[in-house]
Amino acid sequence: MIAIGYVIDAFVLLIYAYAGTIPATIGPAYAASGLVFVACHLVLSETGFNERFKDHYFVASQSIVSMAIMLTFTYIVPEIGVMFLCTLFVVFNFSSLRSTPRQTAIVWTAMAFGLAGLFLLTDKPISIPHSTYLERFTTMLMFILSIGRCMFLGIFSSSLRQSLYKRGLELKEAYKRIEELAELDELTGSFQTPLHHADAG
């Protein structure tokens, strides 16, 4: 899903390039950096390297690297900087699927420092392209796709919670059945009376 997100953003960047807003190399460079980043984490996961760490999914590291990519491209092409800043919401949505409160605090702090450096230590004119009709259309598309991805992740998270709840109910039923079978007399097929109940009688 993260890789698809980078491809979607690269497509929007290509439209901006066609409109003459940014150089044509930005889209491919952005897609390449994102896909290489995803591929590296995929290799680490498939080789079992991530199993050595408490954070098996590398939630914090993946989120911080993604944020670094967004902030770097905001710095490189500030004329469409709002697009990358909007994508930070998508990054946080992805990380929220598996992050702990501690990881969330780390990622938020890293983002705060990154944004502080971008806004306070540079004079980059971060803006929203809207000079031409094609720029306005592309900016609209960027917002629609960003909000759509956030909504999709919300639906995905909700379906995961429902699935976990259903599995929990199934486990409860399974444990209940195991307890019933443990009390069943194999010879008579009737339930055995617990010893302390028998003694009390």
# chains A, B, ... in the order shown; residues from 1 in each chain; ligands from 1
>>> closest_atom_pairs(of="region 48-93 of chain A", to="region 116-127 of chain A", cutoff="8 Å", atoms="only C-alpha atoms", output="tab-separated table")
residue	atom	partner	partner_atom	distance
A:Leu71	CA	A:Leu118	CA	7.3
A:Thr74	CA	A:Ile126	CA	7.4
A:Tyr75	CA	A:Lys124	CA	6.8
A:Pro78	CA	A:Ile126	CA	4.5
A:Glu79	CA	A:Ser127	CA	5.1
A:Ile80	CA	A:Ser127	CA	5.8
A:Gly81	CA	A:Ile126	CA	5.1
A:Val82	CA	A:Ser127	CA	6.0
>>> residues_around(residues="region 43-52 of chain A", least_positions_apart="6", cutoff="12 Å", atoms="only C-alpha atoms", output="PyMOL selection string")
chain A and resi 36-37+58-59+61-62
>>> residues_around(residues="Leu88 (chain A)", least_positions_apart="3", cutoff="10 Å", atoms="only C-alpha atoms", output="list of chain:residue names")
A:Ser63, A:Ser66, A:Met67, A:Ala68, A:Ile69, A:Met70, A:Leu71, A:Val82, A:Met83, A:Phe84, A:Leu85, A:Val91, A:Phe92, A:Asn93, A:Phe94, A:Met111, A:Ser146
>>> closest_atom_pairs(of="region 129-152 of chain A", to="region 11-22 of chain A", cutoff="9 Å", atoms="only C-alpha atoms", output="tab-separated table")
residue	atom	partner	partner_atom	distance
A:Pro129	CA	A:Thr21	CA	7.6
A:Thr132	CA	A:Ala19	CA	8.1
A:Leu134	CA	A:Ala19	CA	6.2
A:Glu135	CA	A:Ala19	CA	6.4
A:Thr138	CA	A:Val12	CA	6.7
A:Thr139	CA	A:Val12	CA	8.5
A:Leu141	CA	A:Val12	CA	7.7
A:Met142	CA	A:Val12	CA	6.7
>>> select_by_dssp(residues="chain A", states="helix (DSSP H, G or I)", output="ChimeraX atom specification")
/A:2-18,26-46,49-52,59-76,78-96,101-120,133-182,195-200
>>> write_last_selection(atoms="C-alpha atoms", output="compact mmCIF listing (two decimals), in the first residue's frame")
# COMPACT_ATOMS: atom_id res chain seq x y z
CA ILE A 2 2.88 2.36 0.77
CA ALA A 3 4.46 1.63 -2.63
CA ILE A 4 1.12 2.33 -4.35
CA GLY A 5 0.94 5.63 -2.45
CA TYR A 6 4.31 6.70 -3.86
CA VAL A 7 3.22 5.74 -7.38
CA ILE A 8 0.01 7.80 -7.01
CA ASP A 9 1.99 10.84 -5.84
CA ALA A 10 4.48 10.38 -8.69
CA PHE A 11 1.58 10.44 -11.16
CA VAL A 12 0.38 13.76 -9.69
CA LEU A 13 3.94 15.10 -9.93
CA LEU A 14 4.05 14.17 -13.61
CA ILE A 15 0.90 16.24 -14.19
CA TYR A 16 2.54 19.18 -12.40
CA ALA A 17 5.58 18.69 -14.64
CA TYR A 18 3.36 18.68 -17.73
CA ILE A 26 10.97 15.26 -9.85
CA GLY A 27 8.25 12.64 -10.35
CA PRO A 28 10.59 9.76 -11.28
CA ALA A 29 13.06 10.78 -8.53
CA TYR A 30 10.28 10.80 -5.93
CA ALA A 31 8.92 7.43 -7.09
CA ALA A 32 12.42 5.91 -7.13
CA SER A 33 13.25 7.11 -3.61
CA GLY A 34 9.95 5.81 -2.25
CA LEU A 35 10.07 2.44 -3.99
CA VAL A 36 13.71 1.83 -3.01
CA PHE A 37 12.79 2.64 0.59
CA VAL A 38 9.85 0.19 0.49
CA ALA A 39 12.00 -2.49 -1.21
CA CYS A 40 14.69 -2.21 1.49
CA HIS A 41 12.16 -2.76 4.28
CA LEU A 42 10.60 -5.61 2.33
CA VAL A 43 13.99 -7.34 2.02
CA LEU A 44 14.63 -6.89 5.75
CA SER A 45 11.22 -8.39 6.49
CA GLU A 46 11.54 -11.34 4.10
CA PHE A 49 16.17 -9.46 9.99
CA ASN A 50 13.30 -7.50 11.57
CA GLU A 51 12.62 -10.39 13.98
CA ARG A 52 15.72 -9.40 15.96
CA VAL A 59 7.06 1.37 12.39
CA ALA A 60 9.10 4.26 13.77
CA SER A 61 11.94 3.95 11.27
CA GLN A 62 9.60 3.59 8.29
CA SER A 63 7.57 6.62 9.37
CA ILE A 64 10.64 8.78 10.00
CA VAL A 65 12.22 7.87 6.65
CA SER A 66 8.92 8.59 4.86
CA MET A 67 8.70 11.97 6.61
CA ALA A 68 12.31 12.72 5.65
CA ILE A 69 11.44 12.02 2.00
CA MET A 70 8.41 14.35 2.17
CA LEU A 71 10.35 17.16 3.85
CA THR A 72 13.29 16.78 1.45
CA PHE A 73 11.05 17.10 -1.60
CA THR A 74 9.23 20.01 0.04
CA TYR A 75 12.62 21.71 0.29
CA ILE A 76 13.60 20.83 -3.29
CA PRO A 78 8.63 24.31 -2.48
CA GLU A 79 6.33 25.54 -5.23
CA ILE A 80 4.28 22.34 -4.72
CA GLY A 81 5.35 21.85 -1.09
CA VAL A 82 1.79 21.64 0.21
CA MET A 83 1.40 18.32 -1.63
CA PHE A 84 4.20 16.68 0.34
CA LEU A 85 3.01 18.22 3.60
CA CYS A 86 -0.46 16.77 2.95
CA THR A 87 1.13 13.37 2.40
CA LEU A 88 2.46 13.56 5.97
CA PHE A 89 -1.13 12.87 7.09
CA VAL A 90 -1.09 9.68 5.03
CA VAL A 91 2.25 8.71 6.58
CA PHE A 92 0.80 9.15 10.07
CA ASN A 93 -2.28 7.16 9.13
CA PHE A 94 -0.11 4.27 7.97
CA SER A 95 2.00 4.35 11.12
CA SER A 96 -1.09 4.47 13.36
CA PRO A 101 2.01 5.29 22.10
CA ARG A 102 5.80 5.49 22.51
CA GLN A 103 6.39 5.06 18.77
CA THR A 104 3.73 7.65 18.02
CA ALA A 105 5.47 10.12 20.33
CA ILE A 106 8.84 9.45 18.64
CA VAL A 107 7.42 9.90 15.14
CA TRP A 108 5.51 13.05 16.11
CA THR A 109 8.62 14.56 17.72
CA ALA A 110 10.73 13.78 14.65
CA MET A 111 8.08 15.40 12.44
CA ALA A 112 7.93 18.48 14.68
CA PHE A 113 11.71 18.98 14.46
CA GLY A 114 11.65 18.38 10.70
CA LEU A 115 8.89 20.92 10.13
CA ALA A 116 10.60 23.42 12.45
CA GLY A 117 13.79 23.11 10.42
CA LEU A 118 11.91 23.51 7.15
CA PHE A 119 9.81 26.51 8.19
CA LEU A 120 12.13 28.33 10.57
CA TYR A 133 -6.29 25.74 -14.93
CA LEU A 134 -4.15 22.57 -15.11
CA GLU A 135 -2.35 23.51 -11.87
CA ARG A 136 -5.68 24.09 -10.11
CA PHE A 137 -6.98 20.75 -11.42
CA THR A 138 -3.83 18.93 -10.27
CA THR A 139 -3.93 20.57 -6.83
CA MET A 140 -7.58 19.56 -6.49
CA LEU A 141 -6.65 16.01 -7.54
CA MET A 142 -3.85 15.96 -4.98
CA PHE A 143 -6.21 16.89 -2.15
CA ILE A 144 -8.84 14.38 -3.29
CA LEU A 145 -6.30 11.54 -3.47
CA SER A 146 -4.71 12.43 -0.11
CA ILE A 147 -8.07 12.56 1.68
CA GLY A 148 -9.16 9.40 -0.13
CA ARG A 149 -6.10 7.49 1.08
CA CYS A 150 -6.69 8.67 4.64
CA MET A 151 -10.30 7.49 4.42
CA PHE A 152 -9.24 4.15 2.91
CA LEU A 153 -6.79 3.59 5.77
CA GLY A 154 -9.54 4.43 8.25
CA ILE A 155 -11.85 1.85 6.64
CA PHE A 156 -8.99 -0.68 6.57
CA SER A 157 -8.28 -0.06 10.26
CA SER A 158 -11.98 -0.45 11.09
CA SER A 159 -12.17 -3.76 9.20
CA LEU A 160 -9.10 -4.99 11.09
CA ARG A 161 -10.74 -4.14 14.42
CA GLN A 162 -13.94 -5.94 13.39
CA SER A 163 -11.93 -8.96 12.29
CA LEU A 164 -10.05 -9.04 15.60
CA TYR A 165 -13.32 -8.73 17.53
CA LYS A 166 -14.81 -11.63 15.55
CA ARG A 167 -11.70 -13.74 16.15
CA GLY A 168 -11.96 -12.96 19.86
CA LEU A 169 -15.54 -14.22 19.94
CA GLU A 170 -14.50 -17.37 18.07
CA LEU A 171 -11.69 -17.98 20.58
CA LYS A 172 -14.12 -17.57 23.48
CA GLU A 173 -16.44 -20.14 21.92
CA ALA A 174 -13.50 -22.50 21.34
CA TYR A 175 -12.33 -22.21 24.97
CA LYS A 176 -15.87 -22.76 26.17
CA ARG A 177 -16.11 -25.91 24.05
CA ILE A 178 -12.75 -27.16 25.36
CA GLU A 179 -13.95 -26.69 28.94
CA GLU A 180 -17.14 -28.59 28.14
CA LEU A 181 -15.19 -31.45 26.58
CA ALA A 182 -12.86 -31.56 29.59
CA LEU A 195 -15.00 -32.99 42.92
CA HIS A 196 -15.69 -30.12 45.27
CA HIS A 197 -19.39 -30.25 44.32
CA ALA A 198 -19.46 -34.01 44.91
CA ASP A 199 -17.74 -33.67 48.30
CA ALA A 200 -20.16 -30.97 49.35
